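Colleague: Contents of entry.txt (compact mmCIF, C-alpha atoms) are given next:
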# COMPACT_ATOMS: atom_id res chain seq x y z
CA MET W 1 -30.10 31.06 40.44
CA ALA W 2 -27.38 33.46 39.36
CA SER W 3 -27.29 34.53 35.71
CA GLY W 4 -24.28 33.86 33.52
CA LYS W 5 -23.09 37.43 33.87
CA GLU W 6 -23.46 37.31 37.65
CA THR W 7 -21.47 34.08 37.76
CA ILE W 8 -18.75 35.61 35.60
CA GLN W 9 -18.58 38.64 37.88
CA ALA W 10 -18.33 36.43 40.97
CA ILE W 11 -15.47 34.42 39.42
CA ARG W 12 -13.66 37.62 38.45
CA GLU W 13 -13.82 38.70 42.09
CA ALA W 14 -12.49 35.31 43.22
CA ILE W 15 -9.61 35.60 40.76
CA ARG W 16 -8.79 39.06 42.06
CA ILE W 17 -8.34 37.50 45.49
CA SER W 18 -6.52 34.40 44.16
CA PRO W 19 -4.84 35.39 40.86
CA GLY W 20 -2.65 32.27 40.82
CA ASN W 21 -5.62 29.86 40.56
CA ILE W 22 -5.25 28.65 36.95
CA ALA W 23 -8.26 26.33 37.12
CA LEU W 24 -10.47 29.23 38.17
CA ARG W 25 -9.16 31.44 35.39
CA LYS W 26 -9.76 28.70 32.83
CA HIS W 27 -13.30 28.30 34.14
CA LEU W 28 -13.87 32.04 33.66
CA ALA W 29 -12.57 31.86 30.09
CA ASP W 30 -14.83 28.87 29.34
CA LEU W 31 -17.88 30.77 30.64
CA LEU W 32 -17.00 33.80 28.55
CA LEU W 33 -16.72 31.58 25.49
CA ASP W 34 -20.12 30.04 26.20
CA GLU W 35 -21.63 33.51 26.56
CA GLY W 36 -20.26 34.55 23.19
CA GLU W 37 -17.71 36.97 24.59
CA VAL W 38 -14.97 35.42 22.50
CA ASP W 39 -12.49 38.31 22.61
CA GLU W 40 -12.67 38.42 26.41
CA ALA W 41 -12.31 34.63 26.54
CA GLU W 42 -9.16 34.85 24.41
CA LYS W 43 -7.67 37.41 26.81
CA GLU W 44 -8.35 35.17 29.82
CA TYR W 45 -6.89 32.06 28.13
CA ARG W 46 -3.78 34.02 27.18
CA SER W 47 -3.47 35.37 30.70
CA ALA W 48 -3.68 31.86 32.16
CA LEU W 49 -1.09 30.55 29.67
CA ALA W 50 1.30 33.33 30.64
CA ASP W 51 1.51 31.77 34.11
CA ASP W 52 1.12 28.13 33.02
CA PRO W 53 2.37 27.85 29.42
CA GLU W 54 2.17 24.04 29.26
CA ASN W 55 -1.46 23.72 30.39
CA ILE W 56 -3.06 21.56 27.69
CA GLU W 57 -6.67 22.32 28.64
CA VAL W 58 -6.07 26.08 28.50
CA LYS W 59 -4.38 25.70 25.09
CA LEU W 60 -7.39 23.78 23.81
CA GLY W 61 -9.67 26.55 25.11
CA LEU W 62 -7.58 29.18 23.30
CA ALA W 63 -7.79 27.11 20.08
CA LYS W 64 -11.60 27.09 20.46
CA ALA W 65 -11.60 30.85 20.85
CA PHE W 66 -9.45 31.24 17.75
CA PHE W 67 -11.75 28.90 15.83
CA GLN W 68 -14.83 30.92 16.76
CA GLN W 69 -13.07 34.12 15.72
CA GLY W 70 -12.13 32.63 12.34
CA LYS W 71 -8.41 32.74 13.17
CA ASN W 72 -7.82 29.43 11.42
CA SER W 73 -4.03 29.55 11.17
CA ALA W 74 -3.61 30.43 14.85
CA ALA W 75 -5.99 27.63 15.86
CA LEU W 76 -4.19 25.13 13.62
CA VAL W 77 -0.80 25.89 15.17
CA ILE W 78 -2.13 25.05 18.63
CA LEU W 79 -4.03 21.96 17.47
CA GLU W 80 -1.00 20.53 15.64
CA GLU W 81 0.88 20.70 18.93
CA LEU W 82 -2.00 19.20 20.94
CA THR W 83 -2.61 16.27 18.56
CA ARG W 84 1.11 15.39 18.66
CA HIS W 85 1.02 15.20 22.45
CA SER W 86 1.75 11.83 24.06
CA ASN W 87 -1.90 11.53 25.12
CA PRO W 88 -3.93 13.86 22.89
CA SER W 89 -7.57 14.55 23.74
CA ALA W 90 -10.47 13.56 21.52
CA GLU W 91 -11.68 17.16 21.59
CA ALA W 92 -8.46 18.36 19.97
CA PHE W 93 -9.00 15.95 17.07
CA LEU W 94 -12.66 16.95 16.71
CA LEU W 95 -11.77 20.64 16.60
CA SER W 96 -9.07 19.82 14.02
CA ALA W 97 -11.71 18.04 11.94
CA LEU W 98 -13.97 21.09 12.05
CA LEU W 99 -11.07 23.34 11.13
CA PHE W 100 -10.01 21.19 8.18
CA HIS W 101 -13.64 20.94 7.04
CA ARG W 102 -13.94 24.71 7.11
CA SER W 103 -10.87 25.07 4.88
CA GLY W 104 -12.12 22.41 2.44
CA GLU W 105 -9.55 19.73 3.32
CA LYS W 106 -11.96 16.79 3.49
CA ALA W 107 -9.39 14.00 3.67
CA GLU W 108 -7.63 15.57 6.66
CA ALA W 109 -10.98 16.40 8.26
CA SER W 110 -12.17 12.79 7.90
CA GLN W 111 -8.98 11.43 9.40
CA ALA W 112 -9.16 13.79 12.39
CA TYR W 113 -12.86 13.07 12.93
CA ARG W 114 -12.30 9.30 12.90
CA GLU W 115 -9.54 9.68 15.47
CA ALA W 116 -11.79 11.80 17.69
CA VAL W 117 -14.62 9.26 17.63
CA LYS W 118 -12.18 6.42 18.16
CA ARG W 119 -10.98 8.09 21.35
CA ASP W 120 -14.44 9.21 22.50
CA PRO W 121 -17.46 7.54 20.82
CA THR W 122 -19.80 10.14 22.35
CA LEU W 123 -18.42 12.66 19.86
CA PHE W 124 -20.15 10.80 17.00
CA ASP W 125 -21.83 13.40 14.76
CA PRO W 126 -23.97 11.97 11.93
CA GLU W 127 -24.44 15.39 10.32
CA LEU W 128 -20.69 16.00 10.19
CA GLU W 129 -20.14 12.51 8.80
CA MET W 130 -22.57 13.25 5.98
CA GLN W 131 -20.77 16.51 5.21
CA LEU W 132 -17.41 14.75 5.17
CA GLU W 133 -18.88 11.85 3.11
CA ILE W 134 -17.44 9.35 5.56
CA HIS W 135 -18.22 5.68 4.95
CA GLU W 136 -17.18 2.69 6.97
CA ASN W 137 -14.10 0.97 5.60
CA THR W 138 -14.04 -2.77 5.23
CA PRO W 139 -11.53 -4.61 7.44
CA ALA W 140 -9.31 -5.10 4.37
CA GLU W 141 -9.35 -1.35 3.64
CA GLU W 142 -8.49 -0.57 7.26
CA ASP W 143 -5.60 -3.05 7.10
CA GLU W 144 -4.27 -1.49 3.91
CA ALA W 145 -4.52 2.05 5.28
CA MET W 146 -2.66 0.98 8.41
CA ARG W 147 0.00 -0.82 6.34
CA LEU W 148 0.65 2.32 4.29
CA LYS W 149 0.65 4.52 7.40
CA ASN W 150 3.16 2.26 9.15
CA THR W 151 5.37 2.07 6.07
CA VAL W 152 5.48 5.85 5.76
CA GLU W 153 6.28 6.20 9.46
CA ASP W 154 9.02 3.55 9.27
CA PHE W 155 10.71 5.32 6.39
CA GLY W 156 9.80 8.85 7.37
CA ASP W 157 13.44 9.83 7.76
CA MET W 158 14.49 8.82 4.29
CA GLN W 159 15.82 11.45 1.93
CA GLU W 160 13.11 13.26 -0.01
CA GLY W 161 13.16 13.22 -3.80
CA GLU W 162 15.12 16.27 -4.97
CA VAL W 163 16.98 17.08 -8.17
CA GLU W 164 20.75 17.04 -7.70
CA ARG W 165 23.86 16.96 -9.88
CA PRO W 166 26.25 14.33 -8.50
CA GLN W 167 29.94 15.16 -8.74
CA ILE W 168 31.18 11.57 -8.48
CA SER W 169 31.90 9.22 -11.38
CA PHE W 170 32.73 5.55 -11.94
CA ASP W 171 36.26 6.32 -10.76
CA GLU W 172 34.87 6.57 -7.23
CA VAL W 173 33.19 3.15 -7.52
CA GLY W 174 35.56 0.29 -6.74
CA GLY W 175 35.24 -2.84 -8.87
CA MET W 176 31.81 -3.76 -10.30
CA ASP W 177 33.24 -3.81 -13.84
CA LYS W 178 30.51 -6.04 -15.29
CA VAL W 179 27.78 -3.90 -13.77
CA LYS W 180 29.42 -0.70 -15.02
CA GLU W 181 29.57 -2.11 -18.56
CA GLU W 182 25.86 -2.96 -18.47
CA VAL W 183 25.09 0.58 -17.33
CA ARG W 184 27.32 2.02 -20.05
CA MET W 185 25.47 0.08 -22.76
CA LYS W 186 22.02 0.93 -21.49
CA ILE W 187 22.47 4.50 -20.25
CA ILE W 188 25.83 6.15 -20.90
CA HIS W 189 26.48 5.25 -24.56
CA PRO W 190 22.97 6.30 -25.71
CA LEU W 191 23.53 9.74 -24.18
CA GLU W 192 27.03 10.12 -25.61
CA HIS W 193 26.15 8.76 -29.08
CA PRO W 194 22.45 9.51 -29.63
CA GLU W 195 22.76 9.53 -33.44
CA ILE W 196 23.92 5.90 -33.52
CA TYR W 197 21.07 4.72 -31.30
CA LYS W 198 18.51 6.70 -33.29
CA ALA W 199 19.82 5.14 -36.50
CA TYR W 200 18.75 1.79 -35.10
CA GLY W 201 15.46 3.18 -33.80
CA LYS W 202 16.58 2.75 -30.22
CA LYS W 203 15.23 5.25 -27.69
CA ILE W 204 17.40 6.93 -25.10
CA GLY W 205 16.04 5.79 -21.77
CA GLY W 206 14.66 2.69 -20.16
CA GLY W 207 15.30 0.88 -16.94
CA ILE W 208 17.88 -1.19 -15.12
CA LEU W 209 17.11 -3.17 -11.99
CA MET W 210 20.03 -3.93 -9.70
CA TYR W 211 19.65 -6.61 -7.05
CA GLY W 212 21.91 -8.21 -4.52
CA PRO W 213 22.92 -8.18 -0.86
CA PRO W 214 22.57 -4.90 1.04
CA GLY W 215 25.61 -2.66 1.30
CA CYS W 216 27.19 -3.65 -2.02
CA GLY W 217 27.07 -0.23 -3.64
CA LYS W 218 23.85 -0.18 -5.66
CA THR W 219 22.88 3.32 -4.52
CA HIS W 220 26.45 4.61 -4.90
CA LEU W 221 26.61 3.24 -8.45
CA ALA W 222 23.30 4.90 -9.37
CA ARG W 223 24.55 8.30 -8.20
CA ALA W 224 27.87 7.78 -10.00
CA THR W 225 25.99 6.92 -13.20
CA ALA W 226 24.36 10.35 -13.19
CA GLY W 227 27.72 11.96 -12.45
CA GLU W 228 29.37 10.05 -15.30
CA VAL W 229 27.12 11.69 -17.90
CA SER W 230 26.51 15.00 -16.07
CA ALA W 231 22.82 14.16 -15.77
CA ASN W 232 20.38 15.23 -13.10
CA PHE W 233 19.69 12.72 -10.36
CA ILE W 234 16.54 12.12 -8.31
CA SER W 235 16.67 9.62 -5.48
CA VAL W 236 13.23 8.32 -4.53
CA GLY W 237 12.50 6.80 -1.14
CA LEU W 238 9.27 5.29 0.14
CA HIS W 239 8.45 8.47 2.03
CA ASP W 240 8.34 10.38 -1.28
CA VAL W 241 5.61 8.11 -2.66
CA LEU W 242 3.53 6.31 -0.07
CA ASN W 243 0.57 8.10 1.45
CA MET W 244 -2.29 6.61 3.45
CA TYR W 245 -4.94 8.56 1.52
CA ILE W 246 -6.48 6.78 -1.44
CA GLY W 247 -5.03 7.95 -4.76
CA GLN W 248 -2.35 10.19 -3.26
CA SER W 249 0.45 7.63 -3.62
CA GLU W 250 -0.23 7.33 -7.34
CA ASN W 251 -0.26 11.11 -7.66
CA ASN W 252 3.07 11.39 -5.80
CA LEU W 253 4.62 8.82 -8.14
CA HIS W 254 3.34 10.66 -11.22
CA GLU W 255 4.78 13.96 -9.96
CA LEU W 256 8.21 12.36 -9.46
CA PHE W 257 8.21 11.07 -13.03
CA GLU W 258 7.10 14.51 -14.25
CA LEU W 259 9.94 16.08 -12.27
CA ALA W 260 12.39 13.75 -14.03
CA ARG W 261 10.86 14.51 -17.46
CA THR W 262 11.24 18.24 -16.97
CA ASN W 263 14.88 17.84 -15.89
CA LYS W 264 16.15 15.39 -18.49
CA PRO W 265 18.57 13.91 -19.08
CA CYS W 266 17.79 12.59 -15.65
CA VAL W 267 18.51 9.44 -13.67
CA LEU W 268 15.45 8.55 -11.61
CA PHE W 269 16.57 6.14 -8.90
CA PHE W 270 14.19 4.01 -6.82
CA ASP W 271 15.74 2.46 -3.73
CA GLU W 272 14.06 -0.63 -2.23
CA VAL W 273 11.76 -0.70 -5.25
CA ASP W 274 10.18 -3.99 -4.12
CA ALA W 275 8.32 -2.03 -1.42
CA LEU W 276 6.61 0.02 -4.15
CA GLY W 277 6.23 -2.74 -6.72
CA ALA W 278 5.53 -5.82 -4.62
CA SER W 279 3.91 -8.73 -6.39
CA ARG W 280 0.20 -8.06 -6.90
CA SER W 281 -0.60 -11.72 -6.26
CA ASP W 282 0.58 -11.21 -2.67
CA MET W 283 -1.79 -8.30 -2.07
CA ARG W 284 -5.23 -8.53 -0.51
CA GLN W 285 -6.19 -4.92 -1.16
CA ASN W 286 -6.70 -2.91 -4.32
CA ALA W 287 -4.79 0.21 -3.20
CA GLY W 288 -1.38 -1.44 -3.55
CA ARG W 289 -2.30 -2.84 -6.95
CA GLN W 290 -3.34 0.59 -8.17
CA LEU W 291 0.07 1.97 -7.22
CA ILE W 292 1.82 -0.77 -9.21
CA ASN W 293 -0.42 -0.13 -12.22
CA GLN W 294 0.48 3.56 -12.00
CA PHE W 295 4.19 2.68 -11.77
CA LEU W 296 3.97 0.48 -14.86
CA ALA W 297 2.05 3.15 -16.79
CA GLU W 298 4.67 5.78 -15.92
CA MET W 299 7.50 3.49 -17.03
CA ASP W 300 5.70 2.76 -20.31
CA GLY W 301 5.27 6.50 -20.93
CA VAL W 302 1.56 6.01 -21.58
CA SER W 303 0.69 9.70 -21.20
CA ALA W 304 4.15 11.28 -21.50
CA ASP W 305 7.47 10.86 -23.30
CA ASN W 306 10.20 9.19 -21.23
CA GLU W 307 12.93 9.89 -23.78
CA GLY W 308 16.00 10.91 -21.76
CA VAL W 309 14.63 9.58 -18.47
CA LEU W 310 16.91 6.84 -17.21
CA ILE W 311 15.33 4.67 -14.57
CA LEU W 312 17.52 2.81 -12.12
CA ALA W 313 16.17 0.74 -9.27
CA ALA W 314 17.70 -1.30 -6.50
CA THR W 315 16.31 -4.09 -4.38
CA ASN W 316 17.55 -6.62 -1.89
CA ALA W 317 14.52 -8.84 -2.55
CA PRO W 318 13.84 -9.22 -6.31
CA TRP W 319 11.60 -12.20 -5.59
CA HIS W 320 9.02 -9.82 -4.10
CA LEU W 321 8.89 -7.58 -7.19
CA ASP W 322 5.91 -7.96 -9.52
CA SER W 323 6.90 -9.88 -12.66
CA ALA W 324 5.35 -7.21 -14.90
CA PHE W 325 8.30 -4.93 -14.15
CA ARG W 326 10.60 -7.35 -15.97
CA ARG W 327 8.88 -7.04 -19.33
CA PRO W 328 10.75 -5.38 -22.26
CA GLY W 329 10.73 -1.61 -22.10
CA ARG W 330 10.58 -1.54 -18.32
CA PHE W 331 13.37 -3.08 -16.24
CA ASP W 332 14.64 -5.01 -19.25
CA ARG W 333 18.14 -5.23 -17.81
CA ILE W 334 18.31 -7.03 -14.48
CA ILE W 335 21.80 -7.00 -13.00
CA PHE W 336 23.09 -8.99 -10.07
CA VAL W 337 25.36 -6.87 -7.88
CA PRO W 338 27.42 -9.34 -5.83
CA PRO W 339 29.76 -8.56 -2.97
CA PRO W 340 33.00 -7.11 -4.37
CA ASP W 341 35.59 -9.65 -5.44
CA GLN W 342 39.19 -9.53 -4.20
CA PRO W 343 40.50 -6.89 -6.65
CA ALA W 344 37.36 -4.82 -6.08
CA ARG W 345 37.77 -5.00 -2.30
CA ALA W 346 41.34 -3.76 -2.65
CA ALA W 347 40.15 -0.90 -4.89
CA ILE W 348 37.34 0.02 -2.46
CA LEU W 349 39.75 0.14 0.47
CA GLN W 350 42.12 2.35 -1.51
CA ILE W 351 39.29 4.79 -2.22
CA MET W 352 38.17 4.79 1.42
CA LEU W 353 41.68 5.47 2.71
CA LYS W 354 42.56 8.07 0.08
CA ASP W 355 42.20 11.05 2.44
CA LYS W 356 43.22 9.29 5.67
CA PRO W 357 46.71 9.06 7.19
CA ALA W 358 48.03 5.61 6.28
CA GLU W 359 51.36 3.98 5.46
CA ASN W 360 52.50 0.76 3.81
CA ILE W 361 49.00 -0.66 3.45
CA ASP W 362 48.98 -4.12 1.88
CA PHE W 363 45.58 -3.82 0.18
CA LYS W 364 45.83 -7.23 -1.48
CA LYS W 365 46.41 -8.98 1.84
CA ILE W 366 43.48 -7.22 3.50
CA ALA W 367 41.30 -8.02 0.48
CA ARG W 368 42.18 -11.73 0.83
CA LYS W 369 41.17 -11.66 4.51
CA THR W 370 37.79 -10.02 3.85
CA GLU W 371 36.15 -12.63 1.59
CA GLY W 372 32.39 -12.03 1.30
CA PHE W 373 32.54 -8.52 2.78
CA SER W 374 30.25 -5.94 1.21
CA GLY W 375 31.27 -2.34 0.59
CA ALA W 376 29.43 -1.38 3.78
CA ASP W 377 31.33 -4.09 5.68
CA LEU W 378 34.63 -2.70 4.40
CA LYS W 379 33.61 0.77 5.55
CA ALA W 380 32.97 -0.71 8.99
CA VAL W 381 36.49 -2.20 8.94
CA VAL W 382 37.99 1.23 8.22
CA ASP W 383 35.80 2.93 10.84
CA ILE W 384 36.80 0.44 13.56
CA ALA W 385 40.48 0.78 12.67
CA VAL W 386 40.23 4.58 12.79
CA GLU W 387 38.46 4.51 16.16
CA ALA W 388 41.21 2.29 17.58
CA LYS W 389 43.83 4.74 16.25
CA LEU W 390 41.99 7.66 17.81
CA ASN W 391 41.95 5.95 21.21
CA GLU W 392 45.67 5.27 20.88
CA ALA W 393 46.37 8.89 19.90
CA MET W 394 44.40 10.21 22.88
CA LYS W 395 46.50 8.11 25.25
CA LYS W 396 49.89 8.86 23.65
CA GLY W 397 49.11 12.40 22.62
CA ILE W 398 50.58 11.72 19.17
CA PRO W 399 48.52 10.66 16.12
CA THR W 400 49.99 7.80 14.07
CA PRO W 401 48.98 6.58 10.58
CA LEU W 402 46.87 3.51 9.90
CA THR W 403 48.71 0.30 9.06
CA SER W 404 47.80 -3.05 7.55
CA LYS W 405 47.88 -4.53 11.04
CA ASP W 406 45.22 -2.08 12.22
CA LEU W 407 42.89 -2.96 9.34
CA LEU W 408 43.44 -6.71 9.66
CA SER W 409 42.69 -6.51 13.38
CA ALA W 410 39.46 -4.64 12.65
CA ALA W 411 38.47 -7.17 9.97
CA LYS W 412 38.87 -10.06 12.43
CA SER W 413 36.23 -8.52 14.67
CA LEU W 414 33.61 -8.53 11.90
CA LYS W 415 31.71 -11.12 9.90
CA PRO W 416 30.33 -10.44 6.41
CA THR W 417 26.72 -9.31 6.55
CA THR W 418 26.02 -10.84 3.14
CA ARG W 419 25.78 -14.42 4.42
CA GLU W 420 22.21 -14.07 5.64
CA TRP W 421 21.08 -12.67 2.30
CA PHE W 422 22.66 -15.52 0.36
CA ALA W 423 20.99 -18.07 2.64
CA THR W 424 17.61 -16.71 1.48
CA ALA W 425 18.63 -16.11 -2.13
CA ARG W 426 19.92 -19.68 -2.44
CA ASN W 427 16.43 -21.10 -1.89
CA TYR W 428 14.90 -18.86 -4.56
CA ALA W 429 17.72 -19.65 -6.99
CA LEU W 430 17.22 -23.39 -6.54
CA TYR W 431 13.43 -23.63 -6.37
CA SER W 432 11.96 -20.51 -8.02
CA ASN W 433 14.17 -19.91 -11.02
CA GLN W 434 11.93 -20.98 -13.88
CA SER W 435 12.70 -17.82 -15.90
CA GLY W 436 16.44 -18.02 -15.19
CA ILE W 437 16.47 -14.66 -13.42
CA TYR W 438 18.63 -16.04 -10.61
CA ASP W 439 21.21 -17.81 -12.79
CA ASP W 440 23.83 -15.30 -11.65
CA ILE W 441 23.25 -16.29 -8.03
CA ILE W 442 23.66 -19.96 -8.93
CA ALA W 443 26.90 -19.17 -10.74
CA TYR W 444 28.19 -17.04 -7.87
CA LEU W 445 27.43 -19.72 -5.28
CA LYS W 446 28.69 -22.46 -7.65
CA LEU W 447 25.57 -24.55 -7.05
Just dump the structure as structure tokens.

Modeller:
Amino acid sequence: MASGKETIQAIREAIRISPGNIALRKHLADLLLDEGEVDEAEKEYRSALADDPENIEVKLGLAKAFFQQGKNSAALVILEELTRHSNPSAEAFLLSALLFHRSGEKAEASQAYREAVKRDPTLFDPELEMQLEIHENTPAEEDEAMRLKNTVEDFGDMQEGEVERPQISFDEVGGMDKVKEEVRMKIIHPLEHPEIYKAYGKKIGGGILMYGPPGCGKTHLARATAGEVSANFISVGLHDVLNMYIGQSENNLHELFELARTNKPCVLFFDEVDALGASRSDMRQNAGRQLINQFLAEMDGVSADNEGVLILAATNAPWHLDSAFRRPGRFDRIIFVPPPDQPARAAILQIMLKDKPAENIDFKKIARKTEGFSGADLKAVVDIAVEAKLNEAMKKGIPTPLTSKDLLSAAKSLKPTTREWFATARNYALYSNQSGIYDDIIAYLKL
């Protein structure tokens, strides 16, 4: 039987005759790796990739060579690509687990190891499991981890929490006069007249929860609030908080509050807050409850001073929010943000058309014809009208301004998106309104 070195020499000779045989060159590199000739193996893998740069098996071999050489960063770059492949190999995940374990990242190592064994049970390694302190999750824990993972993936494209200084004010928010006044009392006046509030022992800060149909300007109002008082603004999406690893979501939430505290006065805005603070009675698993407890502790300022941190939150489904958030000192102002009324719709359309070519627009007439339309619906009206004008201009070769007729025609092609929300909200207002939280919905619907 030929020795390893003799076999290697024979394969080298075969490659000399057939240099384009990638499988043969990979086999040579694998043998060199097994024989401990790692540097030579790396050269052969690189040579094969030069002719076949998308060969997944050769890339995995090169990652193994890098791993054995202690070139962790180089190995990680290749493995990140391989594990994102449409059909990643179990070996790639196992090697990732070993790499993460080497660098002390146990959580990442455990996740990669589990994925490797899931794809190929023969890779089960009891010694590695002991080193990674892996234990079997209960079905409920697996369900919760998957729920968090899916939620993060679904909202992965949302804007990350960053400190900004909005340049817009209430002048750029059409209508919503009642809501603006509530915000002024809770947020703006305390910042402008701190001495008066301190005389009454009232802290500058606290929370306002805005709820209502989607597209009615809750997020726009929150950003304008910060602009109104020249405060910093941090918009928080699910992707900024949720993490599938135990305890990391709570840590992310704490860091966002700390970021707001170090940049005060600051408006900390949580969009779709019901996804972070869902009712604990609806949860089967402890992880979600822990996140809510952390949220409540941060709002209460248990371990830090929230003076100057103004918390705004928006939700389309207040009935899913845990009732503890509505206690005094937390979201103690709960404001219903309805679809804009007729004067507000006219004002919104004026703002939207401010920088567009238009003539003789009868805003009142268009407002009458768009009953129940949200701000987002009105934007769709303008967009459709503009697109129709663009098509007309392309045919005639001459651009013409928008008219009332164009906007009315666009409005006829749309239906208000708020109807579906009110169909759901009506049931909660009628049958789950013991605390009177939905009285504004009852008044709006004239029930």

Colleague: Would you pick out the contacts of Asp439 (chain W) at 10 Å or less, using only C-alpha atoms, so that residues sharing its chain but fewer than 5 positions from it are not included, and give the list as an NGL selection string?

Modeller: :W and (336 or 429-430 or 433-434 or 444-445 or 447)

Colleague: I need the chosen residues saved as a CSV table (one decimal), in the coordinates of the input, with C-alpha atoms.

Modeller:
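Here's the written file out06.csv:
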chain,number,residue,atom,x,y,z
W,336,PHE,CA,23.1,-9.0,-10.1
W,429,ALA,CA,17.7,-19.6,-7.0
W,430,LEU,CA,17.2,-23.4,-6.5
W,433,ASN,CA,14.2,-19.9,-11.0
W,434,GLN,CA,11.9,-21.0,-13.9
W,444,TYR,CA,28.2,-17.0,-7.9
W,445,LEU,CA,27.4,-19.7,-5.3
W,447,LEU,CA,25.6,-24.6,-7.0

Colleague: Would you please work out which residue, of W:Val309, W:Ala388, W:Met185, W:Ala90, is nearest to Val267 (chain W) when using all atoms listed in the file?

Modeller: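 Among the listed residues, W:Val309 lies closest to Val267 (chain W).
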
Colleague: Can you work out the spacing between CA of Pro213 (chain W) and CA of Phe363 (chain W) in Å, to one decimal?

Modeller: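 Going from CA of Pro213 (chain W) over to CA of Phe363 (chain W), I get 23.1 Å.
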
Colleague: Suppose you want the space between CA of Arg333 (chain W) and CA of Gly308 (chain W); what is it in Å?

Modeller: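 Separation between CA of Arg333 (chain W) and CA of Gly308 (chain W): 16.8 Å.
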
Colleague: Quick one: residues within 10 Å of Leu24 (chain W), only C-alpha atoms counted, chain neighbours fewer than 2 positions away excluded, as a PyMOL selection string?

Modeller: chain W and resi 11-12+14-15+18-22+26-30+48

Colleague: Which residue, W:Lys178, W:Lys106, W:Lys218, W:Lys118, has the smallest gap to Met130 (chain W) when you use only C-alpha atoms?

Modeller: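 Using only C-alpha atoms, the shortest distance to Met130 (chain W) belongs to W:Lys106.
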
Colleague: Would you pick out the contacts of Gly61 (chain W) at 12 Å or less, using all atoms listed in the file, so that residues sharing its chain but fewer than 5 positions from it are not included, and give the list as a PDB file with C-alpha atoms, in the frame of the given file?

Modeller:
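Wrote around.pdb, looks like this:
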ATOM      1  CA  ARG W  25      -9.160  31.440  35.390  1.00  0.00           C
ATOM      2  CA  LYS W  26      -9.760  28.700  32.830  1.00  0.00           C
ATOM      3  CA  HIS W  27     -13.300  28.300  34.140  1.00  0.00           C
ATOM      4  CA  LEU W  28     -13.870  32.040  33.660  1.00  0.00           C
ATOM      5  CA  ALA W  29     -12.570  31.860  30.090  1.00  0.00           C
ATOM      6  CA  ASP W  30     -14.830  28.870  29.340  1.00  0.00           C
ATOM      7  CA  LEU W  31     -17.880  30.770  30.640  1.00  0.00           C
ATOM      8  CA  LEU W  32     -17.000  33.800  28.550  1.00  0.00           C
ATOM      9  CA  LEU W  33     -16.720  31.580  25.490  1.00  0.00           C
ATOM     10  CA  ASP W  34     -20.120  30.040  26.200  1.00  0.00           C
ATOM     11  CA  VAL W  38     -14.970  35.420  22.500  1.00  0.00           C
ATOM     12  CA  ALA W  41     -12.310  34.630  26.540  1.00  0.00           C
ATOM     13  CA  GLU W  42      -9.160  34.850  24.410  1.00  0.00           C
ATOM     14  CA  LYS W  43      -7.670  37.410  26.810  1.00  0.00           C
ATOM     15  CA  GLU W  44      -8.350  35.170  29.820  1.00  0.00           C
ATOM     16  CA  TYR W  45      -6.890  32.060  28.130  1.00  0.00           C
ATOM     17  CA  ARG W  46      -3.780  34.020  27.180  1.00  0.00           C
ATOM     18  CA  ALA W  48      -3.680  31.860  32.160  1.00  0.00           C
ATOM     19  CA  LEU W  49      -1.090  30.550  29.670  1.00  0.00           C
ATOM     20  CA  ASN W  55      -1.460  23.720  30.390  1.00  0.00           C
ATOM     21  CA  ILE W  56      -3.060  21.560  27.690  1.00  0.00           C
ATOM     22  CA  PHE W  66      -9.450  31.240  17.750  1.00  0.00           C
ATOM     23  CA  PHE W  67     -11.750  28.900  15.830  1.00  0.00           C
ATOM     24  CA  GLN W  68     -14.830  30.920  16.760  1.00  0.00           C
ATOM     25  CA  ALA W  75      -5.990  27.630  15.860  1.00  0.00           C
ATOM     26  CA  ILE W  78      -2.130  25.050  18.630  1.00  0.00           C
ATOM     27  CA  LEU W  79      -4.030  21.960  17.470  1.00  0.00           C
ATOM     28  CA  LEU W  82      -2.000  19.200  20.940  1.00  0.00           C
ATOM     29  CA  GLU W  91     -11.680  17.160  21.590  1.00  0.00           C
ATOM     30  CA  ALA W  92      -8.460  18.360  19.970  1.00  0.00           C
ATOM     31  CA  LEU W  95     -11.770  20.640  16.600  1.00  0.00           C
TER      32      LEU W  95
END

Colleague: Could you state the separation of CA of Lys180 (chain W) and CA of Phe295 (chain W) in Å, given to one decimal place?

Modeller: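 Interatomic distance, CA of Lys180 (chain W) to CA of Phe295 (chain W): 25.7 Å.
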
Colleague: Name the residues in contact with region 399-401 of chain W at a cut-off of 12 Å, using all atoms listed in the file, excluding same-chain residues fewer than 6 positions from it; report them as a list in words.

Modeller: Leu353, Asp355, Lys356, Pro357, Ala358, Glu359, Asn360, Ile361, Ala385, Val386, Glu387, Ala388, Lys389, Leu390, Asn391, Glu392, Ala393 and Leu407 of chain W

Colleague: For Asp52 (chain W), which residue among W:Cys216, W:Val77, W:Ala23, W:Ala231 is the nearest when counting all atoms listed in the file?

Modeller: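 Of W:Cys216, W:Val77, W:Ala23, W:Ala231, the one nearest Asp52 (chain W) is W:Ala23, counting all atoms listed in the file.
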